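Colleague: For reference, this is model-v1.cif, and it has mmCIF, C-alpha atoms and all ligand atoms.
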```
data_structure
#
loop_
_atom_site.label_atom_id
_atom_site.label_comp_id
_atom_site.auth_asym_id
_atom_site.auth_seq_id
_atom_site.Cartn_x
_atom_site.Cartn_y
_atom_site.Cartn_z
CA MET A 1 -0.81 -14.78 51.81
CA VAL A 2 1.88 -15.95 49.44
CA LEU A 3 3.42 -19.23 50.41
CA ARG A 4 7.15 -18.62 50.66
CA LEU A 5 8.98 -21.90 50.79
CA ALA A 6 12.07 -22.61 52.84
CA SER A 7 15.27 -22.23 50.85
CA SER A 8 16.09 -25.92 51.20
CA TYR A 9 12.76 -26.73 49.55
CA MET A 10 13.28 -24.21 46.79
CA SER A 11 16.73 -25.43 45.76
CA LEU A 12 17.75 -28.42 43.77
CA PRO A 13 19.86 -30.87 45.77
CA GLN A 14 23.56 -30.27 45.16
CA THR A 15 24.33 -33.93 44.59
CA PRO A 16 22.66 -35.44 41.57
CA ARG A 17 21.22 -38.88 41.94
CA SER A 18 23.37 -41.61 40.46
CA SER A 19 21.07 -41.89 37.46
CA SER A 20 17.70 -40.66 36.35
CA HIS A 21 15.13 -43.19 37.37
CA LEU A 22 12.74 -41.58 34.89
CA SER A 23 15.08 -42.57 32.08
CA GLN A 24 15.34 -46.06 33.51
CA ARG A 25 11.59 -46.40 33.66
CA ILE A 26 10.68 -45.08 30.23
CA PRO A 27 13.61 -45.32 27.83
CA SER A 28 11.37 -45.16 24.78
CA ARG A 29 7.84 -45.61 23.56
CA LYS A 30 8.29 -49.35 23.24
CA PHE A 31 8.79 -49.43 26.99
CA GLY A 32 5.77 -47.25 27.65
CA LYS A 33 3.89 -50.17 29.15
CA MET A 34 6.38 -50.14 32.03
CA TRP A 35 4.43 -47.16 33.35
CA LYS A 36 1.30 -49.28 33.67
CA ARG A 37 0.60 -50.61 37.07
CA GLY A 38 -0.60 -54.10 37.85
CA CYS A 39 -4.18 -53.09 38.58
CA THR A 40 -6.66 -50.81 36.87
CA ARG A 41 -6.65 -47.32 38.36
CA ARG A 42 -9.62 -45.00 38.64
CA PRO A 43 -9.42 -41.26 37.94
CA ASP A 44 -9.21 -38.87 40.85
CA ILE A 45 -12.60 -37.28 41.26
CA LEU A 46 -12.29 -33.73 42.51
CA PRO A 47 -15.17 -31.97 44.22
CA SER A 48 -17.03 -29.35 42.19
CA LEU A 49 -19.45 -26.80 43.51
CA ASN A 50 -22.95 -28.16 44.17
CA GLY A 51 -21.79 -31.58 43.03
CA ASP A 52 -22.18 -30.63 39.34
CA ASN A 53 -20.57 -28.32 36.81
CA ALA A 54 -23.04 -25.45 37.36
CA CYS A 55 -20.49 -23.03 38.82
CA LEU A 56 -17.28 -24.64 37.60
CA ARG A 57 -14.91 -22.38 35.67
CA VAL A 58 -11.75 -23.55 33.93
CA PHE A 59 -9.06 -21.03 32.96
CA VAL A 60 -6.10 -21.68 30.69
CA LEU A 61 -2.66 -20.12 30.45
CA SER A 62 0.69 -21.07 28.93
CA ASP A 63 4.23 -19.71 28.57
CA LEU A 64 4.39 -17.79 31.83
CA HIS A 65 8.20 -17.35 31.64
CA THR A 66 8.39 -15.95 35.14
CA ASP A 67 12.17 -15.62 34.96
CA TYR A 68 11.13 -12.21 33.59
CA SER A 69 10.36 -10.14 36.67
CA GLU A 70 7.42 -8.46 34.86
CA ASN A 71 5.86 -11.89 34.36
CA MET A 72 6.42 -12.98 37.95
CA MET A 73 4.83 -9.71 39.04
CA TRP A 74 1.85 -10.46 36.79
CA VAL A 75 1.33 -13.77 38.57
CA GLU A 76 1.70 -12.09 41.98
CA CYS A 77 -0.94 -9.54 40.98
CA LEU A 78 -3.56 -12.18 40.13
CA SER A 79 -6.46 -11.88 42.55
CA THR A 80 -6.25 -14.02 45.68
CA VAL A 81 -10.05 -13.99 45.93
CA LYS A 82 -11.57 -14.09 42.43
CA HIS A 83 -10.38 -17.59 41.45
CA LYS A 84 -10.66 -19.37 44.78
CA ARG A 85 -13.11 -21.91 43.34
CA ASP A 86 -11.71 -22.06 39.81
CA VAL A 87 -9.49 -24.47 37.91
CA LEU A 88 -6.33 -23.37 36.06
CA LEU A 89 -4.58 -25.38 33.34
CA VAL A 90 -0.93 -24.36 32.94
CA ALA A 91 0.30 -25.53 29.52
CA GLY A 92 4.05 -25.42 30.18
CA ASP A 93 7.02 -23.03 30.10
CA VAL A 94 6.51 -21.73 33.61
CA ALA A 95 10.15 -20.81 34.32
CA GLU A 96 13.68 -21.77 33.49
CA THR A 97 14.92 -22.08 37.06
CA TYR A 98 13.57 -24.53 39.60
CA ASN A 99 13.19 -21.82 42.24
CA ASN A 100 11.09 -19.62 39.97
CA PHE A 101 9.04 -22.65 38.94
CA VAL A 102 8.21 -23.56 42.54
CA LEU A 103 7.46 -19.96 43.50
CA THR A 104 5.16 -19.50 40.48
CA MET A 105 3.25 -22.72 41.04
CA SER A 106 2.83 -21.99 44.74
CA LEU A 107 1.46 -18.52 43.90
CA LEU A 108 -0.99 -20.06 41.43
CA LYS A 109 -2.01 -22.79 43.84
CA GLU A 110 -2.83 -20.13 46.40
CA ARG A 111 -5.09 -18.36 43.94
CA PHE A 112 -6.92 -21.28 42.28
CA GLU A 113 -8.71 -24.23 43.83
CA HIS A 114 -7.13 -26.70 41.40
CA VAL A 115 -4.02 -26.20 39.25
CA PHE A 116 -2.89 -28.60 36.51
CA TYR A 117 0.48 -28.60 34.73
CA VAL A 118 2.37 -30.16 31.83
CA PRO A 119 6.09 -29.43 31.27
CA GLY A 120 7.41 -27.19 28.51
CA ASN A 121 10.89 -26.99 27.00
CA HIS A 122 12.05 -23.99 29.06
CA ASP A 123 11.09 -25.81 32.25
CA LEU A 124 13.66 -28.50 31.39
CA TRP A 125 16.61 -26.22 30.67
CA CYS A 126 19.64 -26.94 32.85
CA ARG A 127 22.06 -24.06 32.39
CA ARG A 128 21.97 -21.98 35.58
CA GLY A 129 23.45 -22.45 39.07
CA SER A 130 23.35 -25.96 40.45
CA GLU A 131 21.06 -27.04 37.61
CA ILE A 132 24.06 -27.17 35.27
CA SER A 133 24.98 -30.55 36.72
CA PHE A 134 21.52 -31.99 36.04
CA GLY A 135 20.05 -33.75 33.06
CA SER A 136 16.66 -32.62 31.74
CA LEU A 137 15.01 -35.90 32.74
CA GLU A 138 16.23 -35.47 36.31
CA LYS A 139 14.88 -31.94 36.29
CA LEU A 140 11.55 -33.19 34.97
CA GLU A 141 11.35 -35.62 37.84
CA LYS A 142 12.06 -32.83 40.33
CA LEU A 143 9.40 -30.60 38.81
CA LEU A 144 6.82 -33.38 39.00
CA ASP A 145 7.81 -34.08 42.61
CA ALA A 146 7.44 -30.36 43.41
CA CYS A 147 3.98 -30.37 41.82
CA LYS A 148 2.98 -33.31 43.97
CA ARG A 149 4.12 -31.53 47.13
CA LEU A 150 2.29 -28.34 46.16
CA GLY A 151 -0.92 -30.18 45.23
CA VAL A 152 -0.58 -29.33 41.52
CA LYS A 153 -2.10 -32.09 39.37
CA THR A 154 -0.21 -33.72 36.51
CA ASP A 155 -2.52 -36.74 36.05
CA PRO A 156 -6.03 -36.90 34.54
CA VAL A 157 -8.97 -36.15 36.86
CA VAL A 158 -12.71 -35.78 36.79
CA ILE A 159 -14.48 -32.68 38.11
CA GLY A 160 -18.25 -33.13 37.98
CA SER A 161 -18.89 -34.35 34.43
CA LEU A 162 -15.75 -32.70 33.02
CA GLY A 163 -12.59 -34.73 32.35
CA ILE A 164 -9.24 -32.93 32.40
CA ILE A 165 -6.32 -34.78 30.82
CA PRO A 166 -2.72 -33.44 30.82
CA LEU A 167 -0.66 -34.85 27.93
CA PHE A 168 3.14 -35.04 27.99
CA SER A 169 4.83 -34.24 24.68
CA TRP A 170 8.02 -33.10 22.93
CA TYR A 171 8.66 -31.90 19.38
CA HIS A 172 10.43 -33.55 16.46
CA GLU A 173 11.77 -31.94 13.28
CA SER A 174 9.82 -34.23 10.92
CA PHE A 175 6.57 -32.71 12.26
CA ASP A 176 7.18 -29.97 9.66
CA ARG A 177 5.94 -31.16 6.26
CA GLU A 178 5.53 -27.83 4.48
CA ASP A 179 7.82 -26.33 1.82
CA ASP A 180 10.97 -24.72 3.18
CA ILE A 181 11.88 -21.10 2.54
CA THR A 182 15.01 -21.12 0.40
CA SER A 183 15.27 -17.50 -0.75
CA PHE A 184 17.74 -16.58 2.00
CA ARG A 185 19.96 -18.34 4.52
CA ILE A 186 18.00 -19.19 7.63
CA PRO A 187 20.07 -19.69 10.79
CA PRO A 188 20.26 -23.40 11.67
CA LEU A 189 18.06 -24.77 14.44
CA GLU A 190 21.05 -25.24 16.75
CA MET A 191 21.76 -21.51 16.53
CA ALA A 192 18.19 -20.32 16.73
CA CYS A 193 16.83 -22.63 19.43
CA LYS A 194 18.46 -22.70 22.86
CA ASP A 195 16.91 -26.10 23.65
CA TYR A 196 19.72 -27.68 21.66
CA HIS A 197 22.20 -26.47 24.28
CA ALA A 198 20.15 -25.87 27.43
CA CYS A 199 18.41 -29.25 27.51
CA LYS A 200 20.56 -32.26 28.30
CA TRP A 201 19.31 -35.64 27.20
CA PRO A 202 20.70 -39.14 27.37
CA GLU A 203 22.52 -40.10 24.16
CA GLU A 204 19.65 -42.13 22.77
CA LEU A 205 17.17 -39.21 22.86
CA SER A 206 17.17 -36.44 20.26
CA ASN A 207 15.05 -33.74 18.59
CA LYS A 208 16.49 -34.74 15.24
CA ASP A 209 14.53 -38.00 15.10
CA THR A 210 11.30 -38.95 16.84
CA SER A 211 12.95 -40.51 19.91
CA LEU A 212 12.25 -37.60 22.28
CA ALA A 213 8.69 -37.17 21.02
CA SER A 214 8.06 -40.91 21.47
CA TYR A 215 9.67 -40.88 24.88
CA PHE A 216 7.39 -38.14 26.20
CA ASP A 217 4.34 -39.62 24.49
CA ALA A 218 5.04 -42.95 26.22
CA MET A 219 4.68 -41.18 29.58
CA ASN A 220 0.97 -40.84 28.79
CA GLU A 221 0.58 -44.63 28.57
CA HIS A 222 0.73 -44.73 32.34
CA ASN A 223 -2.65 -42.96 32.49
CA MET A 224 -4.52 -44.67 29.67
CA ASP A 225 -6.69 -46.81 31.95
CA ILE A 226 -7.79 -43.63 33.74
CA VAL A 227 -8.39 -41.94 30.38
CA GLU A 228 -10.62 -44.84 29.26
CA ASP A 229 -12.69 -44.35 32.41
CA ILE A 230 -12.97 -40.62 31.72
CA LYS A 231 -14.06 -41.27 28.12
CA LYS A 232 -16.89 -43.47 29.39
CA THR A 233 -18.11 -41.21 32.17
CA CYS A 234 -17.47 -37.56 31.21
CA GLU A 235 -19.71 -35.42 29.01
CA GLN A 236 -16.91 -33.00 28.15
CA ILE A 237 -13.15 -33.43 28.01
CA ILE A 238 -10.30 -30.91 27.94
CA THR A 239 -6.86 -32.26 27.03
CA PHE A 240 -3.80 -30.04 27.21
CA SER A 241 -0.13 -30.12 26.21
CA HIS A 242 2.73 -27.68 25.85
CA PHE A 243 3.64 -28.50 22.24
CA ILE A 244 1.36 -28.22 19.26
CA PRO A 245 -0.40 -31.22 17.73
CA ARG A 246 -0.96 -29.93 14.15
CA GLN A 247 1.04 -27.70 11.87
CA GLU A 248 -2.11 -25.77 10.92
CA LEU A 249 -1.99 -24.30 14.44
CA CYS A 250 1.07 -22.25 13.46
CA PRO A 251 1.22 -19.55 10.73
CA GLU A 252 2.79 -20.51 7.39
CA LYS A 253 6.57 -20.25 7.18
CA ARG A 254 6.56 -17.19 4.93
CA MET A 255 4.79 -15.28 7.74
CA LEU A 256 7.39 -16.13 10.39
CA PHE A 257 10.51 -14.20 11.37
CA TYR A 258 12.11 -17.60 11.91
CA PRO A 259 10.65 -19.67 9.06
CA ASN A 260 12.03 -22.96 10.41
CA LEU A 261 9.97 -22.60 13.57
CA PRO A 262 7.63 -25.50 12.60
CA LYS A 263 10.57 -27.91 12.99
CA ILE A 264 10.76 -27.22 16.73
CA ILE A 265 7.17 -26.93 17.88
CA GLY A 266 5.08 -30.04 17.42
CA SER A 267 4.51 -33.74 17.63
CA ASP A 268 2.54 -36.09 15.39
CA SER A 269 2.08 -38.59 18.21
CA LEU A 270 0.42 -35.84 20.27
CA GLU A 271 -2.35 -35.43 17.68
CA VAL A 272 -2.76 -39.24 17.50
CA ARG A 273 -2.96 -39.34 21.29
CA LEU A 274 -5.56 -36.62 21.64
CA ARG A 275 -7.65 -38.02 18.77
CA SER A 276 -7.65 -41.37 20.60
CA ILE A 277 -9.32 -39.47 23.44
CA HIS A 278 -11.64 -37.06 21.62
CA GLY A 279 -12.34 -39.28 18.59
CA ALA A 280 -11.27 -38.88 14.96
CA GLU A 281 -14.29 -36.68 14.27
CA GLY A 282 -14.10 -34.73 17.52
CA SER A 283 -17.30 -33.27 18.98
CA GLY A 284 -18.74 -30.10 20.46
CA SER A 285 -17.54 -31.31 23.84
CA ALA A 286 -13.85 -31.70 22.85
CA CYS A 287 -11.18 -29.10 23.54
CA HIS A 288 -7.39 -29.18 23.40
CA VAL A 289 -5.25 -26.44 24.98
CA PHE A 290 -1.61 -25.93 23.99
CA GLY A 291 1.24 -23.41 24.24
CA HIS A 292 4.84 -22.91 23.08
CA THR A 293 4.53 -20.74 19.94
CA HIS A 294 3.21 -17.68 21.83
CA PHE A 295 0.50 -17.10 19.20
CA CYS A 296 -2.98 -16.63 20.66
CA TRP A 297 -5.16 -19.21 18.95
CA ASP A 298 -8.77 -20.38 19.06
CA ALA A 299 -10.05 -22.50 16.17
CA VAL A 300 -11.95 -25.69 15.50
CA LEU A 301 -10.18 -28.27 13.31
CA ASP A 302 -11.88 -31.57 12.47
CA GLY A 303 -14.32 -31.23 15.35
CA ILE A 304 -11.89 -30.29 18.12
CA ARG A 305 -11.49 -26.79 19.54
CA TYR A 306 -7.77 -25.87 19.84
CA VAL A 307 -6.89 -22.97 22.16
CA GLN A 308 -3.66 -21.19 23.04
CA ALA A 309 -3.62 -18.35 25.61
CA PRO A 310 0.03 -17.48 26.28
CA LEU A 311 1.32 -14.86 28.69
CA ALA A 312 4.51 -14.82 26.56
CA TYR A 313 7.45 -12.40 26.86
CA PRO A 314 6.85 -8.80 28.02
CA ARG A 315 8.00 -7.42 24.63
CA GLU A 316 5.53 -9.70 22.81
CA ARG A 317 2.57 -8.60 24.92
CA LYS A 318 3.17 -4.97 23.98
CA ARG A 319 2.57 -5.82 20.30
CA ARG A 320 -0.64 -7.76 20.83
CA MET A 321 -3.81 -6.62 19.12
CA ASN A 322 -5.96 -7.94 21.96
CA GLY A 323 -4.46 -5.66 24.54
CA GLY A 324 -1.56 -7.09 26.46
CA GLU A 325 -2.46 -9.38 29.29
CA ASN A 326 -5.65 -8.21 30.98
CA TRP A 327 -7.74 -10.93 29.33
CA LEU A 328 -5.52 -13.65 30.81
CA PRO A 329 -5.91 -16.26 32.11
CA PHE A 330 -8.54 -17.12 29.51
CA CYS A 331 -11.77 -18.78 30.72
CA VAL A 332 -12.45 -21.71 28.39
CA TYR A 333 -15.23 -23.41 30.37
CA SER A 334 -17.97 -21.97 32.55
CA ASP A 335 -21.32 -23.16 33.93
CA GLY A 336 -21.20 -26.53 32.22
CA GLU A 337 -20.31 -25.19 28.75
CA PHE A 338 -17.32 -24.16 26.71
CA THR A 339 -17.09 -20.37 26.49
CA GLU A 340 -17.24 -18.12 23.44
CA ARG A 341 -14.19 -18.03 21.22
CA LEU A 342 -11.21 -15.90 22.26
CA SER A 343 -11.47 -12.69 20.25
CA PRO A 344 -9.67 -10.97 18.69
CA CYS A 345 -7.18 -13.70 17.98
CA TYR A 346 -4.99 -12.49 15.11
CA TRP A 347 -3.71 -15.66 13.40
CA SER A 348 -6.64 -18.00 13.93
CA ASP A 349 -8.94 -15.14 12.81
CA TYR A 350 -6.75 -14.79 9.71
CA TYR A 351 -6.97 -18.50 8.87
CA SER A 352 -10.72 -18.58 9.47
CA VAL A 353 -11.11 -16.47 6.28
CA ASN A 354 -7.88 -17.15 4.35
CA PRO A 355 -6.81 -20.55 3.04
CA ARG A 356 -3.46 -21.95 4.09
CA ARG A 357 -1.06 -21.95 1.11
CA PRO A 358 2.07 -23.75 2.30
CA HIS A 359 3.48 -24.04 -1.25
CA ASN A 360 3.71 -20.26 -1.43
CA THR A 361 7.23 -19.43 -0.22
CA GLU A 362 7.16 -15.74 -1.07
CA LEU A 363 8.01 -13.91 2.15
CA ALA A 364 5.38 -11.78 3.88
CA PRO A 365 6.37 -8.09 3.62
CA TRP A 366 7.37 -7.79 7.29
CA VAL A 367 9.61 -10.88 7.04
CA ALA A 368 11.20 -9.71 3.76
CA ARG A 369 11.86 -6.29 5.34
CA PHE A 370 13.37 -7.89 8.44
CA TYR A 371 15.81 -10.05 6.49
CA SER A 372 16.78 -7.35 4.00
CA GLN A 373 17.62 -5.04 6.94
CA ARG A 374 19.71 -7.83 8.48
CA ILE A 375 21.60 -8.36 5.24
CA ASN A 376 22.21 -4.61 4.94
CA THR A 377 23.49 -4.28 8.51
CA THR A 378 25.86 -7.27 8.21
CA ARG A 379 27.47 -5.98 4.98
FE FE A 401 7.97 -23.68 24.82
#
```
Transcribe the structure of this file into structure tokens.
Ligand SMILES: [Fe+2]
Modeller:
Amino acid sequence: MVLRLASSYMSLPQTPRSSSHLSQRIPSRKFGKMWKRGCTRRPDILPSLNGDNACLRVFVLSDLHTDYSENMMWVECLSTVKHKRDVLLVAGDVAETYNNFVLTMSLLKERFEHVFYVPGNHDLWCRRGSEISFGSLEKLEKLLDACKRLGVKTDPVVIGSLGIIPLFSWYHESFDREDDITSFRIPPLEMACKDYHACKWPEELSNKDTSLASYFDAMNEHNMDIVEDIKKTCEQIITFSHFIPRQELCPEKRMLFYPNLPKIIGSDSLEVRLRSIHGAEGSGSACHVFGHTHFCWDAVLDGIRYVQAPLAYPRERKRRMNGGENWLPFCVYSDGEFTERLSPCYWSDYYSVNPRRPHNTELAPWVARFYSQRINTTR
């Protein structure tokens, strides 16, 4: 049975708190240590079947966007029986509104034994109903509180010999280091990306520099003693974030309908953070799951397997080569091992046989066609 929550539980309070205590606790990376508690914490150890990983399955999913009724229906149609003993990692962008977020997470929690979550950009939009009066940090706090009440995990845990580590992150423009496309006028980020208007940050935090990325990265400091414990005791580790840790996990600019996309997708400190967990060389037992760009991805880079399995927007699913949504959520771990690669997986398949050539700024035919049509229709 679907857990339907009372309306008072589903709605944001009408009166905002006097100030965001999240922003008071972690104003920037340099204050990250404020998250550390006075004593060493131990990771939560969750029960797994038979006391080992023999029957443990971990599924991954990102970018649910359940403000689209088709997507909410997709979540409602997930089996209430099949995943009762499984784990689900939700890599952000669940819903724009708080009510849809809580409904979605309660539906997932009913279907899976354990659900984990990290926030995405859409989750922190504040532009509808009573949320207009909120700041994105206040909304983040409310989402994390809702997760706690629903039993959704946002901290690292151990299940059998598997460590699962959620990583908070945000993007910064300087993450993009590849040559810009200059052959036509690309709409500015503020026009193309609604985050610039729908997210509301304190004055000192911005996408334009690294302050927001550092701020979110500092939230992970709170868990580093637990992470050290997991590194010592777990045979395999899955980290997961919403944003992307390396530019190579996104197609080159000339392939993209919005070529400036790499400026609003990733974080350098995220890659540093996950390498501090998995090791600079990685290993066969290291996996990082991400979301945000809506490109299915499954590739190994410098010893770490990087996976994206997005539900994405309904119109995007119709175009997918791997057949819509029936393969989701994607099982990344089963019976003590990481599963076979997600296949087909258009862009990571492409880059497994084609070198990346970021200095080539000649538009891909579909992008050139798209922009020439736009120019023709605006004349
Ligand atoms: Fe996103």
Colleague: Closest to Leu108 in chain A among A:Gly129, A:Pro329, A:Met219, A:His288, using all atoms listed in the file?
Modeller: A:Pro329
Colleague: Do you have the CA of Asn223 in chain A-CA of Glu337 in chain A distance handy?
Modeller: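 Computing it gives 25.3 Å between the two atoms.
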Colleague: Could you give me, as an NGL selection string, every polymer residue with an atom at most 10 Å away from an atom of ligand FE 401 (chain A), counting all atoms listed in the file?
Modeller: :A and (62-65 or 91-94 or 119-124 or 170-171 or 195 or 242-244 or 264-265 or 290-294 or 312)
Colleague: Write to file, as a JSON list (two decimals), keeping the file's coordinate frame, the residues of the selection just made, with C-alpha atoms.
Modeller:
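For reference, result.json as written:
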```json
[["chain", "number", "residue", "atom", "x", "y", "z"],
["A", 62, "SER", "CA", 0.69, -21.07, 28.93],
["A", 63, "ASP", "CA", 4.23, -19.71, 28.57],
["A", 64, "LEU", "CA", 4.39, -17.79, 31.83],
["A", 65, "HIS", "CA", 8.20, -17.35, 31.64],
["A", 91, "ALA", "CA", 0.30, -25.53, 29.52],
["A", 92, "GLY", "CA", 4.05, -25.42, 30.18],
["A", 93, "ASP", "CA", 7.02, -23.03, 30.10],
["A", 94, "VAL", "CA", 6.51, -21.73, 33.61],
["A", 119, "PRO", "CA", 6.09, -29.43, 31.27],
["A", 120, "GLY", "CA", 7.41, -27.19, 28.51],
["A", 121, "ASN", "CA", 10.89, -26.99, 27.00],
["A", 122, "HIS", "CA", 12.05, -23.99, 29.06],
["A", 123, "ASP", "CA", 11.09, -25.81, 32.25],
["A", 124, "LEU", "CA", 13.66, -28.50, 31.39],
["A", 170, "TRP", "CA", 8.02, -33.10, 22.93],
["A", 171, "TYR", "CA", 8.66, -31.90, 19.38],
["A", 195, "ASP", "CA", 16.91, -26.10, 23.65],
["A", 242, "HIS", "CA", 2.73, -27.68, 25.85],
["A", 243, "PHE", "CA", 3.64, -28.50, 22.24],
["A", 244, "ILE", "CA", 1.36, -28.22, 19.26],
["A", 264, "ILE", "CA", 10.76, -27.22, 16.73],
["A", 265, "ILE", "CA", 7.17, -26.93, 17.88],
["A", 290, "PHE", "CA", -1.61, -25.93, 23.99],
["A", 291, "GLY", "CA", 1.24, -23.41, 24.24],
["A", 292, "HIS", "CA", 4.84, -22.91, 23.08],
["A", 293, "THR", "CA", 4.53, -20.74, 19.94],
["A", 294, "HIS", "CA", 3.21, -17.68, 21.83],
["A", 312, "ALA", "CA", 4.51, -14.82, 26.56]]
```
Colleague: Quick one: everything within 12 Å of Thr210 in chain A, counting all atoms listed in the file, minus sequence neighbours fewer than 3 positions away in the same chain. Send it as a list of chain:residue names.
Modeller: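 Answer for this query is A:Ser28, A:Arg29, A:Ser169, A:Trp170, A:Tyr171, A:His172, A:Glu173, A:Ser174, A:Phe175, A:Glu204, A:Leu205, A:Ser206, A:Asn207, A:Ala213, A:Ser214, A:Tyr215, A:Phe216, A:Asp217, A:Ala218, A:Lys263, A:Ile264, A:Gly266, A:Ser267, A:Asp268, A:Ser269, A:Leu270.
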Colleague: Check the smallest atom-to-atom distance from each of A:Phe330, A:Cys77, A:Glu96, A:Cys287 to Ile238 in chain A using all atoms listed in the file, then report the winner.
Modeller: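 For Ile238 in chain A, the nearest of the candidates is A:Cys287.
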Colleague: What separation in Å, quoted to one decimal, exists between CA of Tyr346 in chain A and CA of Asp180 in chain A?
Modeller: 23.4 Å
Colleague: Would you kindly return, as a VMD selection string, each protein, DNA or RNA residue with an atom no farther than 12 Å from any atom of Phe257 in chain A, considering only C-alpha atoms and excluding same-chain residues fewer than 6 positions away?
Modeller: chain A and resid 181 186 to 187 192 251 363 to 372 374
Colleague: Just how far from CA of Leu311 in chain A is CA of Glu70 in chain A, in Å to one decimal?
Modeller: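 Separation of CA of Glu70 in chain A and CA of Leu311 in chain A: 10.8 Å.
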